[in-house]
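**Q** Contents of final_2.txt (compact mmCIF, C-alpha atoms) are given next:
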# COMPACT_ATOMS: atom_id res chain seq x y z
CA LEU A 1 -55.71 13.02 85.26
CA LYS A 2 -56.81 15.73 87.67
CA GLU A 3 -55.25 18.51 85.55
CA ARG A 4 -56.69 17.01 82.38
CA ASN A 5 -60.17 16.92 83.89
CA GLN A 6 -59.75 20.47 85.16
CA VAL A 7 -58.97 21.86 81.70
CA LYS A 8 -61.80 19.83 80.17
CA GLN A 9 -64.15 21.43 82.70
CA LEU A 10 -62.81 24.88 81.80
CA CYS A 11 -63.29 24.18 78.09
CA PHE A 12 -66.83 23.00 78.81
CA GLU A 13 -67.56 26.23 80.70
CA LEU A 14 -66.03 28.32 77.90
CA ASN A 15 -68.08 26.45 75.31
CA GLN A 16 -71.26 27.12 77.31
CA THR A 17 -70.55 30.83 77.82
CA ALA A 18 -72.50 33.30 75.68
CA PRO A 19 -70.47 34.92 72.89
CA LEU A 20 -71.25 38.41 74.18
CA ASP A 21 -70.13 37.60 77.75
CA THR A 22 -66.65 38.76 76.83
CA GLU A 23 -65.38 39.23 80.38
CA ARG A 24 -66.24 35.65 81.41
CA ARG A 25 -64.86 34.26 78.13
CA ALA A 26 -61.60 36.19 78.58
CA ALA A 27 -61.22 34.93 82.17
CA LEU A 28 -61.83 31.30 81.14
CA THR A 29 -59.48 31.61 78.16
CA LYS A 30 -56.76 32.98 80.45
CA GLN A 31 -57.26 30.02 82.82
CA ILE A 32 -56.98 27.57 79.92
CA LEU A 33 -54.09 29.18 78.04
CA GLY A 34 -52.32 31.07 80.81
CA VAL A 35 -52.06 34.33 78.84
CA ASP A 36 -54.00 37.57 78.57
CA GLY A 37 -55.46 38.74 75.28
CA ALA A 38 -55.96 35.42 73.50
CA LEU A 39 -59.27 35.10 71.68
CA VAL A 40 -60.89 31.68 71.40
CA GLU A 41 -64.22 30.95 69.73
CA SER A 42 -66.44 28.08 70.88
CA PRO A 43 -66.33 25.21 70.71
CA PHE A 44 -62.69 24.81 71.75
CA HIS A 45 -61.05 21.69 73.10
CA VAL A 46 -57.63 21.09 74.65
CA ASP A 47 -56.29 17.97 76.36
CA TYR A 48 -54.10 19.24 79.20
CA GLY A 49 -53.63 22.98 78.81
CA TYR A 50 -50.32 23.16 80.66
CA ASN A 51 -48.46 21.70 77.64
CA LEU A 52 -49.85 24.41 75.36
CA LYS A 53 -47.82 27.63 75.23
CA VAL A 54 -49.25 30.39 73.03
CA GLY A 55 -47.74 33.77 72.24
CA THR A 56 -49.37 37.17 72.15
CA ASN A 57 -52.32 37.90 69.86
CA PHE A 58 -53.40 34.24 69.58
CA TYR A 59 -56.73 33.54 67.83
CA ALA A 60 -58.56 30.23 67.48
CA ASN A 61 -61.74 30.18 65.39
CA HIS A 62 -64.71 27.87 66.02
CA GLY A 63 -64.16 24.15 66.49
CA CYS A 64 -60.42 23.99 67.17
CA THR A 65 -58.99 20.94 68.93
CA ILE A 66 -55.51 20.86 70.43
CA LEU A 67 -54.20 17.58 71.84
CA ASP A 68 -51.28 18.76 73.96
CA CYS A 69 -50.07 15.49 75.47
CA ASN A 70 -46.59 16.86 74.69
CA LEU A 71 -45.38 20.44 74.44
CA ILE A 72 -47.09 22.55 71.77
CA LYS A 73 -45.56 26.01 71.30
CA VAL A 74 -47.41 28.58 69.20
CA GLY A 75 -45.69 31.89 68.44
CA ASP A 76 -47.01 35.45 68.43
CA ASN A 77 -49.76 36.63 66.06
CA CYS A 78 -50.97 33.17 65.11
CA LEU A 79 -54.40 32.52 63.64
CA LEU A 80 -56.20 29.17 63.63
CA GLY A 81 -59.09 28.85 61.20
CA PRO A 82 -62.28 26.92 61.96
CA HIS A 83 -61.88 23.25 62.86
CA VAL A 84 -58.08 23.23 62.96
CA CYS A 85 -56.63 20.18 64.72
CA ILE A 86 -53.17 20.32 66.28
CA SER A 87 -52.25 16.93 67.71
CA ALA A 88 -49.09 15.93 69.56
CA ALA A 89 -50.72 12.51 70.11
CA SER A 90 -49.91 9.42 68.10
CA HIS A 91 -50.07 5.65 68.44
CA PRO A 92 -47.66 2.83 67.65
CA LEU A 93 -47.87 1.23 64.22
CA HIS A 94 -47.71 -2.23 65.78
CA ALA A 95 -51.27 -3.43 66.49
CA ARG A 96 -50.38 -5.30 69.68
CA LEU A 97 -48.94 -2.13 71.20
CA ARG A 98 -52.03 -0.13 70.27
CA VAL A 99 -54.31 -2.81 71.73
CA ASN A 100 -52.26 -2.66 74.94
CA GLY A 101 -53.05 1.07 75.11
CA ASP A 102 -49.58 2.36 74.31
CA GLU A 103 -49.55 5.96 73.15
CA LEU A 104 -46.88 8.26 71.75
CA ALA A 105 -46.56 12.04 71.89
CA PHE A 106 -44.22 14.36 70.01
CA PRO A 107 -43.76 18.13 70.49
CA ILE A 108 -45.02 20.68 67.97
CA THR A 109 -43.57 24.15 67.36
CA ILE A 110 -45.39 26.79 65.37
CA GLY A 111 -43.50 30.03 64.63
CA ASN A 112 -44.67 33.64 64.72
CA ASN A 113 -47.24 35.10 62.31
CA VAL A 114 -48.54 31.71 61.18
CA TRP A 115 -52.01 31.34 59.68
CA ILE A 116 -53.46 27.83 59.72
CA SER A 117 -56.57 27.79 57.52
CA ALA A 118 -59.84 25.94 58.08
CA ASN A 119 -59.87 22.18 58.62
CA ALA A 120 -56.08 21.83 58.54
CA THR A 121 -54.41 19.15 60.66
CA ILE A 122 -50.98 19.57 62.22
CA CYS A 123 -49.50 16.14 63.01
CA PRO A 124 -47.19 15.19 65.90
CA GLY A 125 -43.54 16.27 65.84
CA ILE A 126 -43.99 19.10 63.33
CA THR A 127 -42.20 22.46 63.28
CA LEU A 128 -43.54 25.34 61.21
CA GLY A 129 -41.30 28.37 60.71
CA ASP A 130 -42.36 32.02 60.92
CA ASN A 131 -44.90 33.52 58.50
CA VAL A 132 -46.11 30.13 57.22
CA VAL A 133 -49.57 29.98 55.65
CA VAL A 134 -51.26 26.57 55.78
CA GLY A 135 -53.99 26.07 53.17
CA ALA A 136 -57.47 24.88 54.08
CA GLY A 137 -57.76 21.14 54.59
CA ALA A 138 -54.01 20.53 54.57
CA VAL A 139 -52.53 17.60 56.46
CA VAL A 140 -49.14 18.74 57.72
CA ASN A 141 -47.10 15.60 58.38
CA LYS A 142 -43.61 17.08 58.04
CA SER A 143 -41.86 20.28 59.08
CA PHE A 144 -41.60 23.39 56.90
CA PRO A 145 -39.29 26.43 56.95
CA SER A 146 -40.31 30.06 57.35
CA ASN A 147 -41.98 32.15 54.65
CA VAL A 148 -43.83 29.48 52.68
CA VAL A 149 -47.40 28.70 51.71
CA ILE A 150 -48.20 25.02 52.10
CA ALA A 151 -51.30 23.07 51.12
CA GLY A 152 -52.52 19.62 50.20
CA VAL A 153 -52.69 16.10 51.54
CA PRO A 154 -49.96 15.63 52.47
CA ALA A 155 -48.95 19.28 52.66
CA LYS A 156 -46.24 20.52 50.34
CA ILE A 157 -44.80 23.93 49.52
CA ILE A 158 -46.87 25.60 46.84
CA ARG A 159 -44.92 28.84 46.89
CA HIS A 160 -42.41 30.93 48.80
CA LEU A 161 -43.54 34.26 50.23
CA GLU A 162 -41.93 37.33 48.73
CA GLU A 163 -40.15 39.71 51.09
CA ASN A 164 -43.03 42.22 50.93
CA GLU A 165 -45.50 39.47 51.98
CA GLN A 166 -43.55 38.51 55.08
CA ALA A 167 -44.29 39.96 58.50
CA LEU A 168 -42.38 43.02 59.53
CA THR A 169 -40.37 42.08 62.59
Just give me the structure of the file as structure tokens.

**A**
Amino acid sequence: LKERNQVKQLCFELNQTAPLDTERRAALTKQILGVDGALVESPFHVDYGYNLKVGTNFYANHGCTILDCNLIKVGDNCLLGPHVCISAASHPLHARLRVNGDELAFPITIGNNVWISANATICPGITLGDNVVVGAGAVVNKSFPSNVVIAGVPAKIIRHLEENEQALT
């Protein structure tokens, strides 16, 4: 609980810091994410912080929420559009268990060079391969391989990326 409250305080401070106070924002972002060079727009919310591992060149646009009650790994060069929700949290289907306060959490892995567009939701237990593009408003409730564009509710593959559209690695 202490660590959770600590990261919530850091997110609060980040969300209250002026956009042009780049040094303070960078220092707070490093405290939250544990890496240099990540860029996070306010507001930004994360549950624990220590279960969130982001790669180099990470960007989160305004209004992102990440519920990292289990490990969430995000690769290099990943972009999160406005109001993206990545949630490792879930609840039992059985009502009695939910009423008792039982919770579930499943890890999420997001590959390198992934773009998650505005208002998309990444559900617990999902793996996205490298170079995936997630369309705006998608609800991703199953895993997808590398080099695809996915969209919809629930998300499905709408096309495969051609070799010249894939990241050069």

**Q** Hey, which of A:Asn131, A:Thr109, A:Asn15, A:Thr56 ends up closest to A:Asn77? Count only C-alpha atoms.

**A**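 Answer, going by the shortest atom-to-atom distance: A:Thr56.
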
**Q** Would you mind telling me which residue in A:Arg4, A:His83, A:Arg159, A:Lys73 lies nearest to A:Ala60 when using only C-alpha atoms?

**A** A:His83

**Q** Using all atoms listed in the file - which residues lie no farther than 8 Å from the point (-45.1, 21.5, 75.3) in the file's frame? Write them as a ChimeraX atom specification.

**A** /A:50-53,68-73,107-108

**Q** Kindly provide, as a count of residues only, the polymer residues lying within 8 Å of (-50.0, 9.0, 69.3), counting only C-alpha atoms and using the coordinates exactly as they appear in the file.

**A** 10

**Q** In Å, with one decimal, what is the gap from atom CA of A:Asn141 to atom CA of A:Cys123?

**A**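 Separating atom CA of A:Asn141 from atom CA of A:Cys123 is a distance of 5.2 Å.
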
**Q** Just want the 8 Å neighbourhood of A:Asp130, counted on all atoms listed in the file, with same-chain residues fewer than 6 positions away dropped. Output as number ranges by chain.

**A** A: 110-114, 145-147

**Q** Would you work out the distance separating atom CA of A:Val35 from atom CA of A:Leu80, expressed in Å to one decimal?

**A**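 Result for atom CA of A:Val35 versus atom CA of A:Leu80: 16.6 Å, one decimal.
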
**Q** With distances taken over all atoms listed in the file, which of A:Val148, A:Thr29, A:Gly81, A:Gly34 is nearest to A:Glu165?

**A**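 Going through A:Val148, A:Thr29, A:Gly81, A:Gly34 one by one, the smallest distance to A:Glu165 is for A:Val148.
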